[in-house]
$ cat query26.cif   # mmCIF, C-alpha atoms and all ligand atoms
data_coords
#
loop_
_atom_site.group_PDB
_atom_site.id
_atom_site.type_symbol
_atom_site.label_atom_id
_atom_site.label_comp_id
_atom_site.auth_asym_id
_atom_site.auth_seq_id
_atom_site.Cartn_x
_atom_site.Cartn_y
_atom_site.Cartn_z
ATOM 1 C CA MET A 12 130.927 110.514 -181.745
ATOM 2 C CA SER A 13 133.738 107.944 -181.672
ATOM 3 C CA ASP A 14 135.745 109.572 -178.863
ATOM 4 C CA ILE A 15 132.898 110.103 -176.404
ATOM 5 C CA VAL A 16 133.386 107.019 -174.243
ATOM 6 C CA LEU A 17 137.174 107.029 -174.491
ATOM 7 C CA SER A 18 137.535 110.627 -173.393
ATOM 8 C CA PHE A 19 135.244 109.967 -170.448
ATOM 9 C CA LYS A 20 137.046 106.907 -169.062
ATOM 10 C CA ALA A 21 139.743 108.467 -166.992
ATOM 11 C CA VAL A 22 137.607 111.160 -165.480
ATOM 12 C CA THR A 23 134.745 109.816 -163.466
ATOM 13 C CA ALA A 24 134.321 106.086 -163.627
ATOM 14 C CA LYS A 25 136.398 103.060 -164.277
ATOM 15 C CA PRO A 26 135.685 100.660 -167.156
ATOM 16 C CA MET A 27 134.794 97.186 -165.952
ATOM 17 C CA ASN A 28 136.021 93.832 -167.152
ATOM 18 C CA LYS A 29 133.292 92.528 -169.476
ATOM 19 C CA SER A 30 133.166 89.193 -167.712
ATOM 20 C CA LYS A 31 132.507 90.790 -164.327
ATOM 21 C CA LYS A 32 128.970 90.172 -163.144
ATOM 22 C CA SER A 33 126.639 93.139 -162.987
ATOM 23 C CA THR A 34 125.107 94.312 -159.733
ATOM 24 C CA SER A 35 122.019 92.388 -158.825
ATOM 25 C CA PHE A 36 118.911 94.515 -158.688
ATOM 26 C CA GLY A 37 115.870 93.164 -156.917
ATOM 27 C CA GLY A 38 113.536 95.915 -158.101
ATOM 28 C CA ILE A 39 110.628 97.329 -156.171
ATOM 29 C CA THR A 40 108.938 93.949 -155.715
ATOM 30 C CA GLY A 41 112.086 92.522 -154.129
ATOM 31 C CA ASN A 42 112.420 95.565 -151.873
ATOM 32 C CA LEU A 43 108.797 95.322 -150.756
ATOM 33 C CA ALA A 44 109.218 91.616 -150.032
ATOM 34 C CA ILE A 45 112.247 92.410 -147.833
ATOM 35 C CA VAL A 46 110.302 95.222 -146.091
ATOM 36 C CA LEU A 47 107.386 92.920 -145.314
ATOM 37 C CA GLY A 48 109.537 89.981 -144.234
ATOM 38 C CA THR A 49 111.806 92.014 -141.961
ATOM 39 C CA GLN A 50 108.850 93.865 -140.383
ATOM 40 C CA LEU A 51 107.194 90.544 -139.577
ATOM 41 C CA LEU A 52 110.409 89.104 -138.167
ATOM 42 C CA SER A 53 111.281 92.196 -136.172
ATOM 43 C CA GLY A 54 107.674 92.534 -134.938
ATOM 44 C CA ALA A 55 107.653 88.899 -133.785
ATOM 45 C CA LEU A 56 110.979 89.292 -131.947
ATOM 46 C CA VAL A 57 109.992 92.556 -130.262
ATOM 47 C CA MET A 58 106.556 91.266 -129.251
ATOM 48 C CA GLY A 59 108.184 88.091 -127.935
ATOM 49 C CA GLY A 60 110.647 90.150 -125.900
ATOM 50 C CA ALA A 61 107.925 92.471 -124.589
ATOM 51 C CA THR A 62 105.735 89.520 -123.584
ATOM 52 C CA ALA A 63 108.674 87.855 -121.815
ATOM 53 C CA ALA A 64 109.479 91.106 -119.989
ATOM 54 C CA MET A 65 105.874 91.365 -118.826
ATOM 55 C CA GLU A 66 105.543 87.710 -117.788
ATOM 56 C CA LEU A 67 108.935 87.223 -116.195
ATOM 57 C CA GLY A 68 109.974 90.641 -115.016
ATOM 58 C CA ARG A 69 106.516 92.100 -114.419
ATOM 59 C CA VAL A 70 107.665 95.084 -116.490
ATOM 60 C CA SER A 71 105.154 96.646 -118.831
ATOM 61 C CA VAL A 72 106.647 97.833 -122.101
ATOM 62 C CA PRO A 73 104.977 100.954 -123.553
ATOM 63 C CA LEU A 74 103.476 100.527 -127.020
ATOM 64 C CA VAL A 75 105.504 103.410 -128.438
ATOM 65 C CA LEU A 76 108.730 101.643 -127.413
ATOM 66 C CA ILE A 77 107.533 98.433 -129.076
ATOM 67 C CA LEU A 78 106.809 100.325 -132.319
ATOM 68 C CA ILE A 79 110.195 102.084 -132.249
ATOM 69 C CA LEU A 80 112.067 98.849 -131.560
ATOM 70 C CA GLN A 81 110.187 97.063 -134.342
ATOM 71 C CA GLY A 82 111.098 99.884 -136.759
ATOM 72 C CA VAL A 83 114.761 99.881 -135.690
ATOM 73 C CA GLY A 84 114.964 96.081 -135.955
ATOM 74 C CA ALA A 85 113.341 95.975 -139.388
ATOM 75 C CA ALA A 86 115.539 98.828 -140.665
ATOM 76 C CA TRP A 87 118.681 97.112 -139.412
ATOM 77 C CA LEU A 88 117.702 93.780 -140.974
ATOM 78 C CA GLY A 89 116.721 95.501 -144.239
ATOM 79 C CA LEU A 90 120.044 97.341 -144.480
ATOM 80 C CA ARG A 91 121.889 94.079 -143.790
ATOM 81 C CA MET A 92 119.937 92.530 -146.669
ATOM 82 C CA GLY A 93 121.051 95.226 -149.069
ATOM 83 C CA LEU A 94 118.231 97.800 -148.934
ATOM 84 C CA SER A 95 119.218 101.410 -149.475
ATOM 85 C CA ARG A 96 119.113 104.025 -146.693
ATOM 86 C CA PHE A 97 115.846 105.352 -148.157
ATOM 87 C CA TRP A 98 114.215 101.984 -147.523
ATOM 88 C CA GLY A 99 115.844 101.871 -144.096
ATOM 89 C CA ALA A 100 114.029 105.107 -143.229
ATOM 90 C CA VAL A 101 110.757 103.654 -144.565
ATOM 91 C CA GLN A 102 111.319 100.579 -142.408
ATOM 92 C CA PHE A 103 111.838 102.689 -139.299
ATOM 93 C CA ILE A 104 108.749 104.847 -139.822
ATOM 94 C CA LEU A 105 106.379 102.107 -141.010
ATOM 95 C CA PRO A 106 105.157 100.602 -137.677
ATOM 96 C CA MET A 107 104.395 104.051 -136.219
ATOM 97 C CA ALA A 108 102.750 105.220 -139.466
ATOM 98 C CA VAL A 109 100.489 102.154 -139.580
ATOM 99 C CA TYR A 110 99.537 102.626 -135.930
ATOM 100 C CA VAL A 111 98.751 106.331 -136.401
ATOM 101 C CA GLY A 112 96.898 105.604 -139.653
ATOM 102 C CA LEU A 113 94.668 103.078 -137.907
ATOM 103 C CA ARG A 114 93.947 105.419 -135.001
ATOM 104 C CA LEU A 115 93.187 108.599 -136.946
ATOM 105 C CA PRO A 116 89.647 109.193 -138.209
ATOM 106 C CA ILE A 117 90.755 109.435 -141.848
ATOM 107 C CA PRO A 118 87.820 109.500 -144.297
ATOM 108 C CA SER A 119 87.746 106.648 -146.811
ATOM 109 C CA TRP A 120 88.041 108.989 -149.828
ATOM 110 C CA VAL A 121 91.577 109.877 -148.676
ATOM 111 C CA TYR A 122 92.628 106.246 -149.164
ATOM 112 C CA LEU A 123 90.965 106.235 -152.598
ATOM 113 C CA ALA A 124 92.739 109.488 -153.538
ATOM 114 C CA LEU A 125 96.083 108.079 -152.389
ATOM 115 C CA PHE A 126 95.452 104.922 -154.392
ATOM 116 C CA VAL A 127 94.636 106.909 -157.550
ATOM 117 C CA ALA A 128 97.666 109.214 -157.064
ATOM 118 C CA THR A 129 99.929 106.187 -156.623
ATOM 119 C CA GLY A 130 98.541 104.758 -159.865
ATOM 120 C CA LEU A 131 99.228 108.026 -161.713
ATOM 121 C CA VAL A 132 102.838 108.014 -160.471
ATOM 122 C CA PHE A 133 103.597 104.310 -160.949
ATOM 123 C CA TRP A 134 101.585 104.231 -164.209
ATOM 124 C CA ASN A 135 103.994 101.860 -165.946
ATOM 125 C CA ALA A 136 104.675 99.501 -163.053
ATOM 126 C CA ALA A 137 101.957 96.990 -163.927
ATOM 127 C CA GLY A 138 101.744 97.099 -167.748
ATOM 128 C CA GLU A 139 105.345 97.864 -168.715
ATOM 129 C CA ARG A 140 106.855 96.385 -165.528
ATOM 130 C CA VAL A 141 108.844 99.607 -165.118
ATOM 131 C CA PRO A 142 108.313 101.456 -161.824
ATOM 132 C CA LEU A 143 109.588 104.930 -160.976
ATOM 133 C CA TYR A 144 113.006 105.277 -159.428
ATOM 134 C CA LEU A 145 115.564 107.880 -160.329
ATOM 135 C CA THR A 146 119.085 108.092 -161.696
ATOM 136 C CA ASN A 147 121.200 109.529 -158.891
ATOM 137 C CA LYS A 148 123.166 112.775 -159.068
ATOM 138 C CA THR A 149 126.570 111.082 -159.276
ATOM 139 C CA THR A 150 125.365 109.241 -162.362
ATOM 140 C CA TRP A 151 123.954 112.497 -163.826
ATOM 141 C CA LYS A 152 127.492 113.886 -163.743
ATOM 142 C CA VAL A 153 128.926 110.757 -165.322
ATOM 143 C CA LEU A 154 126.315 110.879 -168.091
ATOM 144 C CA ALA A 155 127.138 114.508 -168.790
ATOM 145 C CA ARG A 156 130.616 113.264 -169.715
ATOM 146 C CA PHE A 157 129.146 110.914 -172.312
ATOM 147 C CA ILE A 158 127.673 113.813 -174.182
ATOM 148 C CA ALA A 159 130.295 115.525 -176.191
ATOM 149 C CA ASP A 160 128.946 119.029 -175.754
ATOM 150 C CA LYS A 161 129.260 119.724 -179.429
ATOM 151 C CA PRO A 162 126.722 121.888 -181.175
ATOM 152 C CA GLY A 163 123.687 119.779 -181.850
ATOM 153 C CA THR A 164 124.514 116.545 -180.010
ATOM 154 C CA ARG A 165 121.100 114.955 -179.489
ATOM 155 C CA PHE A 166 120.343 112.977 -176.309
ATOM 156 C CA ILE A 167 117.085 111.365 -175.166
ATOM 157 C CA ASP A 168 116.054 109.798 -171.842
ATOM 158 C CA LEU A 169 113.429 107.120 -172.523
ATOM 159 C CA GLY A 170 111.037 107.343 -169.572
ATOM 160 C CA CYS A 171 112.445 110.548 -168.106
ATOM 161 C CA GLY A 172 110.611 110.266 -164.759
ATOM 162 C CA LEU A 173 110.634 113.558 -162.843
ATOM 163 C CA GLY A 174 112.971 115.201 -165.361
ATOM 164 C CA GLY A 175 115.970 115.620 -163.036
ATOM 165 C CA LEU A 176 118.512 114.050 -165.389
ATOM 166 C CA ILE A 177 117.423 115.881 -168.529
ATOM 167 C CA ILE A 178 117.367 119.246 -166.757
ATOM 168 C CA HIS A 179 120.867 118.639 -165.381
ATOM 169 C CA LEU A 180 122.157 117.701 -168.835
ATOM 170 C CA ALA A 181 120.441 120.592 -170.597
ATOM 171 C CA ARG A 182 121.898 123.027 -168.074
ATOM 172 C CA ASN A 183 125.431 121.600 -168.179
ATOM 173 C CA CYS A 184 125.617 120.819 -171.899
ATOM 174 C CA PRO A 185 124.150 123.991 -173.388
ATOM 175 C CA GLN A 186 125.297 123.174 -176.902
ATOM 176 C CA SER A 187 123.484 119.830 -176.890
ATOM 177 C CA ARG A 188 119.833 119.188 -177.540
ATOM 178 C CA ILE A 189 118.389 117.173 -174.639
ATOM 179 C CA SER A 190 115.046 115.352 -174.804
ATOM 180 C CA GLY A 191 112.871 113.265 -172.539
ATOM 181 C CA ILE A 192 109.720 111.254 -173.073
ATOM 182 C CA GLU A 193 107.442 110.062 -170.274
ATOM 183 C CA SER A 194 104.008 108.423 -170.185
ATOM 184 C CA ALA A 195 103.209 108.397 -166.452
ATOM 185 C CA PRO A 196 100.877 111.402 -165.859
ATOM 186 C CA ILE A 197 102.151 112.770 -162.540
ATOM 187 C CA PRO A 198 105.878 112.407 -163.306
ATOM 188 C CA PHE A 199 105.232 114.063 -166.684
ATOM 189 C CA ILE A 200 103.399 117.001 -165.070
ATOM 190 C CA ILE A 201 106.226 117.441 -162.534
ATOM 191 C CA SER A 202 108.805 117.363 -165.374
ATOM 192 C CA TRP A 203 106.752 119.858 -167.350
ATOM 193 C CA PHE A 204 106.718 122.371 -164.473
ATOM 194 C CA ARG A 205 110.430 121.858 -163.819
ATOM 195 C CA LYS A 206 111.207 122.442 -167.481
ATOM 196 C CA TYR A 207 108.929 125.487 -167.602
ATOM 197 C CA PHE A 208 110.579 127.123 -164.584
ATOM 198 C CA SER A 209 114.104 126.155 -165.713
ATOM 199 C CA GLY A 210 113.812 128.413 -168.762
ATOM 200 C CA LEU A 211 116.087 126.043 -170.696
ATOM 201 C CA ASN A 212 115.617 126.263 -174.435
ATOM 202 C CA ASN A 213 117.762 123.256 -175.406
ATOM 203 C CA LEU A 214 115.354 120.916 -173.596
ATOM 204 C CA VAL A 215 112.465 119.063 -175.258
ATOM 205 C CA LEU A 216 109.884 117.207 -173.184
ATOM 206 C CA GLU A 217 107.254 114.966 -174.697
ATOM 207 C CA TYR A 218 104.291 113.126 -173.212
ATOM 208 C CA GLY A 219 104.162 109.726 -174.841
ATOM 209 C CA ASN A 220 105.165 106.126 -175.149
ATOM 210 C CA TYR A 221 108.768 105.458 -176.088
ATOM 211 C CA TRP A 222 107.776 102.332 -178.018
ATOM 212 C CA VAL A 223 106.339 104.570 -180.734
ATOM 213 C CA LYS A 224 109.158 107.128 -180.601
ATOM 214 C CA ASP A 225 111.491 107.141 -183.622
ATOM 215 C CA LEU A 226 115.052 106.931 -182.246
ATOM 216 C CA SER A 227 116.822 107.666 -185.527
ATOM 217 C CA GLY A 228 117.352 111.331 -184.653
ATOM 218 C CA TYR A 229 119.443 110.797 -181.502
ATOM 219 C CA ASP A 230 123.199 110.429 -180.953
ATOM 220 C CA VAL A 231 122.790 109.113 -177.396
ATOM 221 C CA VAL A 232 119.764 107.153 -176.161
ATOM 222 C CA TYR A 233 119.640 106.544 -172.404
ATOM 223 C CA CYS A 234 117.276 104.421 -170.346
ATOM 224 C CA PHE A 235 116.899 103.288 -166.722
ATOM 225 C CA LEU A 236 113.992 100.870 -166.806
ATOM 226 C CA SER A 237 113.880 97.211 -165.667
ATOM 227 C CA PRO A 238 115.017 93.873 -167.078
ATOM 228 C CA VAL A 239 111.633 93.319 -168.805
ATOM 229 C CA PRO A 240 111.772 95.709 -171.819
ATOM 230 C CA MET A 241 115.520 95.529 -172.487
ATOM 231 C CA THR A 242 115.695 92.951 -175.284
ATOM 232 C CA ALA A 243 112.853 94.462 -177.320
ATOM 233 C CA LEU A 244 114.094 98.001 -176.683
ATOM 234 C CA PHE A 245 117.608 97.138 -177.791
ATOM 235 C CA ASP A 246 116.202 95.579 -180.999
ATOM 236 C CA LYS A 247 114.271 98.806 -181.611
ATOM 237 C CA ALA A 248 117.375 100.932 -180.975
ATOM 238 C CA ARG A 249 119.509 98.816 -183.284
ATOM 239 C CA ALA A 250 116.877 99.001 -186.036
ATOM 240 C CA GLU A 251 116.413 102.772 -185.792
ATOM 241 C CA MET A 252 119.584 104.451 -184.487
ATOM 242 C CA LYS A 253 122.328 105.626 -186.821
ATOM 243 C CA PRO A 254 125.711 103.833 -186.940
ATOM 244 C CA GLY A 255 128.121 105.311 -184.379
ATOM 245 C CA SER A 256 125.408 106.462 -181.983
ATOM 246 C CA LEU A 257 125.309 105.226 -178.366
ATOM 247 C CA PHE A 258 122.668 103.255 -176.491
ATOM 248 C CA ILE A 259 123.175 103.397 -172.709
ATOM 249 C CA SER A 260 121.293 101.369 -170.118
ATOM 250 C CA ASN A 261 121.572 102.111 -166.426
ATOM 251 C CA SER A 262 121.721 98.868 -164.403
ATOM 252 C CA PHE A 263 119.962 96.564 -166.838
ATOM 253 C CA PRO A 264 121.991 94.641 -169.427
ATOM 254 C CA VAL A 265 120.507 93.066 -172.546
ATOM 255 C CA VAL A 266 120.412 89.300 -172.303
ATOM 256 C CA GLU A 267 123.050 87.675 -174.521
ATOM 257 C CA ILE A 268 124.203 90.924 -176.145
ATOM 258 C CA ALA A 269 127.380 92.035 -174.406
ATOM 259 C CA PRO A 270 127.812 95.797 -174.149
ATOM 260 C CA ASP A 271 130.782 97.375 -175.872
ATOM 261 C CA GLN A 272 131.756 98.933 -172.567
ATOM 262 C CA THR A 273 130.534 98.772 -168.991
ATOM 263 C CA PHE A 274 131.190 101.523 -166.480
ATOM 264 C CA GLU A 275 130.983 101.228 -162.757
ATOM 265 C CA VAL A 276 129.948 104.532 -161.224
ATOM 266 C CA GLU A 277 131.508 105.269 -157.868
ATOM 267 C CA ASP A 278 128.242 105.841 -156.029
ATOM 268 C CA SER A 279 126.576 104.184 -153.052
ATOM 269 C CA ARG A 280 124.532 101.731 -155.132
ATOM 270 C CA ASN A 281 127.427 100.832 -157.405
ATOM 271 C CA THR A 282 125.561 101.827 -160.549
ATOM 272 C CA HIS A 283 126.591 100.080 -163.752
ATOM 273 C CA LEU A 284 126.199 101.807 -167.098
ATOM 274 C CA TYR A 285 126.087 99.471 -170.097
ATOM 275 C CA VAL A 286 127.076 101.126 -173.348
ATOM 276 C CA TRP A 287 126.539 99.811 -176.857
ATOM 277 C CA ARG A 288 127.808 101.526 -179.969
ATOM 278 C CA ILE A 289 125.263 100.962 -182.715
HETATM 279 C C1 LIG A 301 113.079 103.916 -163.481
HETATM 280 S S1 LIG A 301 112.277 105.364 -164.049
HETATM 281 C C2 LIG A 301 113.650 106.319 -164.636
HETATM 282 C C3 LIG A 301 113.392 107.801 -164.599
HETATM 283 C C4 LIG A 301 114.490 108.660 -165.211
HETATM 284 N N1 LIG A 301 114.853 108.188 -166.521
HETATM 285 C C5 LIG A 301 115.711 108.656 -164.358
HETATM 286 O O1 LIG A 301 116.610 107.902 -164.695
HETATM 287 O O2 LIG A 301 115.749 109.375 -163.348
HETATM 288 C C6 LIG A 301 111.536 104.768 -165.548
HETATM 289 C C7 LIG A 301 110.494 105.698 -166.115
HETATM 290 O O3 LIG A 301 110.083 105.188 -167.377
HETATM 291 C C8 LIG A 301 108.712 105.472 -167.527
HETATM 292 N N2 LIG A 301 108.172 104.571 -168.572
HETATM 293 C C9 LIG A 301 108.044 103.232 -168.487
HETATM 294 N N3 LIG A 301 107.548 102.736 -169.626
HETATM 295 C C10 LIG A 301 107.369 103.787 -170.458
HETATM 296 C C11 LIG A 301 106.894 103.916 -171.784
HETATM 297 N N4 LIG A 301 106.510 102.854 -172.507
HETATM 298 N N5 LIG A 301 106.871 105.145 -172.360
HETATM 299 C C12 LIG A 301 107.273 106.235 -171.634
HETATM 300 N N6 LIG A 301 107.720 106.184 -170.377
HETATM 301 C C13 LIG A 301 107.777 104.969 -169.775
HETATM 302 C C14 LIG A 301 108.145 105.230 -166.153
HETATM 303 O O4 LIG A 301 106.894 105.866 -165.979
HETATM 304 C C15 LIG A 301 109.239 105.822 -165.266
HETATM 305 O O5 LIG A 301 109.005 107.181 -165.008
#

$ encode --input "query26.cif" --output "structure tokens"
Amino acid sequence: MSDIVLSFKAVTAKPMNKSKKSTSFGGITGNLAIVLGTQLLSGALVMGGATAAMELGRVSVPLVLILILQGVGAAWLGLRMGLSRFWGAVQFILPMAVYVGLRLPIPSWVYLALFVATGLVFWNAAGERVPLYLTNKTTWKVLARFIADKPGTRFIDLGCGLGGLIIHLARNCPQSRISGIESAPIPFIISWFRKYFSGLNNLVLEYGNYWVKDLSGYDVVYCFLSPVPMTALFDKARAEMKPGSLFISNSFPVVEIAPDQTFEVEDSRNTHLYVWRI
């Protein structure tokens, strides 16, 4: 395993100076706070402008224009504050969606069903403080380089979400044995169907909690979680993983334990991969 990181360096990402600060990551709570704040600000500005136009210019501004302008303003402010384009789109649609939602005669059970479905997707957001967001495709390709595709190299994604990464790795590293474990019901079911229809036989998917998963059988352990579990998870990895194996965290370092190498992926969110050799 000793040449995995070295052979990868020149190809897809550049190693970072250890002292360089990692990207800040506000998480879903930070994003939602920005969404709410910018909607309120944009809404206030647009309503102020519309009122002034009506009072001073005797021009009536149609509601649909107000909603569009509020969405555009909030999206622009959100992007300026560092939100991704996905959140920019959410910002744009939100005022119109709320308006339509309030006008439509939607039965109350629909809201309950949506609430339950959201809970089954973001199962670990409250207890584990780990919501669902996904490793992007550029990072999938970078991670494939970490896996020396030697017969039997064993990789696991702790909290494999919708299964996109593990399916990509299993398909592109056919000699490796790729695993994923997930405890959120809906993401697990989606992963299960994707695995089933992929027909890949070097892919293992497990429903369960990674805290009770023995990590001693893996050469590469990968996670993309949140700052909250990192210290305890690193302690678990160090206690269980074999010497020479790799522990990789996407975006979240371990407080006070410097990684052996840090890679900056050349993607739009400037992903950082922290790599420790056990
Ligand atoms: C940020 S997502 C990452 C998904 C996937 N690894 C990827 O990179 O695309 C983190 C995932 O970890 C799952 N998770 C959080 N705590 C877990 C636990 N204790 N056991 C299993 N899965 C967990 C969440 O449900 C979520 O799907």

$ resolve_selection --input "query26.cif" --expression "the PyMOL selection byres (((not hetatm)) within 6 of (chain A and resi 301))" --output "list in words"
Trp134, Asn135, Glu139, Val141, Pro142, Leu143, Tyr144, Leu145, Thr146, Asp168, Gly170, Cys171, Gly172, Leu176, Ile192, Glu193, Ser194, Ala195, Gly219, Asn220, Tyr221, Trp222, Cys234, Phe235 and Leu236 of chain A

$ atom_distance --input "query26.cif" --atom1 "atom CA of Thr49 of chain A" --atom2 "atom CA of Thr62 of chain A"
19.5 Å

$ atom_distance --input "query26.cif" --atom1 "atom CA of Ile79 of chain A" --atom2 "atom CA of Val121 of chain A"
26.0 Å

$ closest_residue --input "query26.cif" --among "A:Ala250, A:Leu216, A:Val232, A:Ala137" --to "Leu154 of chain A" --atoms "only C-alpha atoms"
A:Val232

$ closest_residue --input "query26.cif" --among "A:Ser119, A:Ser237, A:Asn42, A:Thr150" --to "Leu90 of chain A" --atoms "only C-alpha atoms"
A:Asn42

$ closest_residue --input "query26.cif" --among "A:Gly54, A:Gly228, A:Gly191, A:Gly89" --to "Ile178 of chain A" --atoms "only C-alpha atoms"
A:Gly191

$ resolve_selection --input "query26.cif" --expression "the PyMOL selection byres (((chain A and resi 266) around 9) and not hetatm)" --output "VMD selection string"
chain A and resid 238 241 to 242 264 to 265 267 to 269

$ atom_distance --input "query26.cif" --atom1 "atom CA of Trp98 of chain A" --atom2 "atom CA of Gly60 of chain A"
24.9 Å

$ closest_residue --input "query26.cif" --among "A:Met92, A:Val276, A:Val132, A:Met107" --to "Leu80 of chain A" --atoms "all atoms listed in the file"
A:Met107

$ resolve_selection --input "query26.cif" --expression "the PyMOL selection byres (((chain A and resi 212) around 12) and not hetatm)" --output "JSON, numbers by chain"
{"A": [178, 181, 182, 184, 185, 186, 187, 188, 189, 190, 206, 207, 208, 209, 210, 211, 213, 214, 215, 216]}

$ write_last_selection --input "query26.cif" --atoms "C-alpha atoms" --output "PDB file, in the coordinates of the input"
ATOM      1  CA  ILE A 178     117.367 119.246-166.757  1.00  0.00           C
ATOM      2  CA  ALA A 181     120.441 120.592-170.597  1.00  0.00           C
ATOM      3  CA  ARG A 182     121.898 123.027-168.074  1.00  0.00           C
ATOM      4  CA  CYS A 184     125.617 120.819-171.899  1.00  0.00           C
ATOM      5  CA  PRO A 185     124.150 123.991-173.388  1.00  0.00           C
ATOM      6  CA  GLN A 186     125.297 123.174-176.902  1.00  0.00           C
ATOM      7  CA  SER A 187     123.484 119.830-176.890  1.00  0.00           C
ATOM      8  CA  ARG A 188     119.833 119.188-177.540  1.00  0.00           C
ATOM      9  CA  ILE A 189     118.389 117.173-174.639  1.00  0.00           C
ATOM     10  CA  SER A 190     115.046 115.352-174.804  1.00  0.00           C
ATOM     11  CA  LYS A 206     111.207 122.442-167.481  1.00  0.00           C
ATOM     12  CA  TYR A 207     108.929 125.487-167.602  1.00  0.00           C
ATOM     13  CA  PHE A 208     110.579 127.123-164.584  1.00  0.00           C
ATOM     14  CA  SER A 209     114.104 126.155-165.713  1.00  0.00           C
ATOM     15  CA  GLY A 210     113.812 128.413-168.762  1.00  0.00           C
ATOM     16  CA  LEU A 211     116.087 126.043-170.696  1.00  0.00           C
ATOM     17  CA  ASN A 213     117.762 123.256-175.406  1.00  0.00           C
ATOM     18  CA  LEU A 214     115.354 120.916-173.596  1.00  0.00           C
ATOM     19  CA  VAL A 215     112.465 119.063-175.258  1.00  0.00           C
ATOM     20  CA  LEU A 216     109.884 117.207-173.184  1.00  0.00           C
TER      21      LEU A 216
END

$ closest_residue --input "query26.cif" --among "A:Ile158, A:Leu74, A:Ala86, A:Ala128" --to "Phe103 of chain A" --atoms "only C-alpha atoms"
A:Ala86

$ residues_near_point --input "query26.cif" --point "(117.4, 106.9, -150.4)" --cutoff "12 Å" --atoms "only C-alpha atoms" --output "list in words"
Leu90, Leu94, Ser95, Arg96, Phe97, Trp98, Gly99, Ala100, Val101, Gln102, Tyr144, Leu145, Thr146, Asn147, Lys148, Ser279 and Arg280 of chain A

$ closest_residue --input "query26.cif" --among "A:Val46, A:Met252, A:Leu173, A:Ile197" --to "Gly93 of chain A" --atoms "only C-alpha atoms"
A:Val46

$ residues_around --input "query26.cif" --residues "segment 282-286 of chain A" --least-positions-apart "3" --cutoff "6 Å" --atoms "all atoms listed in the file" --output "ChimeraX atom specification"
/A:258-262,270-276

$ decode --input "query26.cif" --residues "segment 137-149 of chain A" --atoms "N, CA and C atoms" --output "compact mmCIF listing (two decimals), in the first residue's frame"
# COMPACT_ATOMS: atom_id res chain seq x y z
N ALA A 137 -29.89 14.68 12.92
CA ALA A 137 -30.10 15.13 14.30
C ALA A 137 -29.20 14.38 15.28
N GLY A 138 -29.27 13.04 15.28
CA GLY A 138 -28.51 12.26 16.26
C GLY A 138 -27.01 12.30 16.03
N GLU A 139 -26.59 11.97 14.82
CA GLU A 139 -25.15 11.88 14.51
C GLU A 139 -24.56 13.22 14.08
N ARG A 140 -25.45 14.17 13.79
CA ARG A 140 -25.03 15.48 13.26
C ARG A 140 -24.32 15.32 11.91
N VAL A 141 -24.80 14.35 11.13
CA VAL A 141 -24.24 14.12 9.79
C VAL A 141 -25.40 14.12 8.79
N PRO A 142 -25.59 15.18 8.02
CA PRO A 142 -26.66 15.17 7.03
C PRO A 142 -26.22 14.43 5.76
N LEU A 143 -27.09 14.45 4.76
CA LEU A 143 -26.74 13.80 3.49
C LEU A 143 -26.32 14.86 2.48
N TYR A 144 -25.09 14.76 2.03
CA TYR A 144 -24.63 15.47 0.85
C TYR A 144 -23.60 14.54 0.22
N LEU A 145 -23.30 14.75 -1.04
CA LEU A 145 -22.60 13.69 -1.77
C LEU A 145 -21.22 14.11 -2.26
N THR A 146 -20.31 13.17 -2.25
CA THR A 146 -19.00 13.37 -2.88
C THR A 146 -19.23 13.61 -4.37
N ASN A 147 -18.58 14.64 -4.92
CA ASN A 147 -18.84 14.93 -6.34
C ASN A 147 -18.03 14.01 -7.26
N LYS A 148 -18.38 14.09 -8.56
CA LYS A 148 -17.80 13.13 -9.51
C LYS A 148 -16.31 13.35 -9.73
N THR A 149 -15.86 14.61 -9.64
CA THR A 149 -14.42 14.86 -9.78
C THR A 149 -13.67 14.15 -8.66
